[in-house]
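Report on the following structure.
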Amino acid sequence: MAREPLSVVVTAFNSAATLDACLASVRWADEVVVLDSGSTDATLAIAAHYGARIETQPFAGYSAQKQAAIELARHDWVLLLDSDEAMPPGAAEAIHRVLEQPAHAGYLLWRREWIFWQWQSPRSRLNHYVRLFDRRRARMSRHRVHEEVEVDGSVGVLDIVMDHYGERDIAGRVDKANRYSSLQVADLAGRRARGLRLRMLTNAWAAFFRYYLLRGHYRSGWAGFIAARIHAFYAFLKYAKLYEATRVESKETRIPAAERKDG
């Protein structure tokens with residue numbers, strides 16, 4: 001039975017450390033598009049080695065960059081990957097079966113996380129994301145971070161577990177928490193200061209509880225504990241930065257002229 005052709009789209013920037021594994025895992029796709037935003041490492045050479053169609057544009061934000069990559073695809077059915085993700089063996093057969101007669105507008109795929117020096121415990125909860133979809137009925141959300149594919153139609157689930165290499169050390173994860181919390185300030189704008197104070201007091205503890213206990217990352221030993229603490233810090237930081245933004249223009253926080261220092 002004939003199936004829908006598939007485009008794999010990948011956004012990349014200085015992704016040489018992980019792009020090889022990513023592209024090697026999707027050799028079977030009908031088309032692979034890599035949208036690069038100015039890499040200076042071996043990213044473009046790796047993409048060329050795998051025969052990907054390479055496009056470039058300045059980074060437009062996580063959501064907008066991925067939407068641009070989706071629009072570059074030649075086929076309607078798209079598999080969207082980050083450059084630090086890789087598909088498992090057997091993914092081609094499972095996806096090709098679905099594309100023979102798609103029953104949904106999009107499909108969720110599972111993802112396991114590399115936590116610093118080990119894979120998350122197989123008994124901890126996996127994340128899942130819409131990654132396979134008909135682009136005529138889907139587009140990226142407008143969130144500045146934690147962007148996701150929004151589908152106009154039903155969504156199915158595929159028994160496919162992607163590998164996500166993510167931040168491979170603690171410093172990288174802390175840096176990401178800092179960057180993402182700054183980007184979320186605009187998404188969270190409009191919250192009342194009173195509500196922000198309460199969230200600063202409670203959200204970090206709630207985030208730690210969900211990540212470490214409910215999602216089962218306590219089973220990943222010290223790697224899971226450290227990741228949970230950083231996740232909790234991120235939950236605090238995004239509301240602390242938003243609170244700061246609401247105060248920075250007020251009279252009591254404006255630096256008096258006599259106290260300002262140049263440099």
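A note on labels: chains of the structure tokens are A, B, ... as shown, every chain counts residues from 1, and ligands are counted from 1 in their shown order.
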
>> Using only C-alpha atoms, which protein or nucleic acid residues come within 8 Å of range 144-146 of chain A? Drop anything in the same chain fewer than 6 positions from it, and give the result as a PyMOL selection string.
In response: chain A and resi 61-63+180+183-184+187

Using DSSP on the backbone coordinates, identify all residues within range 4-95 of chain A classified as helix (DSSP H, G or I); present the result as a compact mmCIF listing (two decimals) with C-alpha atoms, in the first residue's frame.
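What landed in out.txt:
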```txt
# COMPACT_ATOMS: atom_id res chain seq x y z
CA ALA A 16 28.01 18.93 15.92
CA ALA A 17 28.10 16.96 19.19
CA THR A 18 24.65 15.42 18.62
CA LEU A 19 23.61 16.00 14.99
CA ASP A 20 25.42 12.92 13.67
CA ALA A 21 23.32 10.60 15.85
CA CYS A 22 20.18 12.55 14.99
CA LEU A 23 20.58 12.36 11.20
CA ALA A 24 21.89 8.79 11.22
CA THR A 43 27.19 21.14 11.95
CA LEU A 44 26.88 21.96 8.24
CA ALA A 45 29.49 19.38 7.24
CA ILE A 46 27.60 16.68 9.15
CA ALA A 47 24.31 17.70 7.56
CA ALA A 48 25.89 17.58 4.11
CA HIS A 49 27.39 14.15 4.85
CA TYR A 62 12.50 28.70 19.29
CA SER A 63 8.91 28.57 18.05
CA ALA A 64 9.35 30.75 14.97
CA GLN A 65 12.52 28.91 13.92
CA LYS A 66 10.78 25.55 14.07
CA GLN A 67 7.77 26.89 12.19
CA ALA A 68 10.10 28.15 9.48
CA ALA A 69 11.70 24.71 9.22
CA ILE A 70 8.28 23.06 8.93
CA GLU A 71 7.33 25.40 6.10
CA LEU A 72 10.50 24.45 4.21
CA ALA A 91 10.93 3.81 14.10
CA ALA A 92 10.90 3.71 10.29
CA GLU A 93 8.63 0.67 10.14
CA ALA A 94 6.23 2.05 12.75
CA ILE A 95 5.96 5.45 11.09
```

> Please, which residues of range 32-177 of chain A, numbered as in this document, come out strand (DSSP E) from DSSP, as a count of residues only?
Replying inline: 53

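One distance worth recording is that between CA of Arg97 in chain A and CA of Asp134 in chain A, which is 15.1 Å.
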
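Using only C-alpha atoms, the nearest neighbour of Ser220 in chain A within the list A:Gln118, A:Gln101, A:Ser7, A:Ser83 is A:Gln118.
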
>> Please determine, counting only C-alpha atoms, which residue among A:Ile226, A:Ala240, A:Met140, A:Val34 has the shortest atom-to-atom distance to Ile115 in chain A.
In response: A:Ile226

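In this model, the gap between CA of Phe133 in chain A and CA of Val155 in chain A comes to 8.8 Å.
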
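Within the 7 Å cut-off around Asn203 in chain A, using only C-alpha atoms and omitting residues fewer than 4 positions from it on the same chain, the listed residues are A:Arg199, A:Ala207, A:Ala235, A:Phe236.
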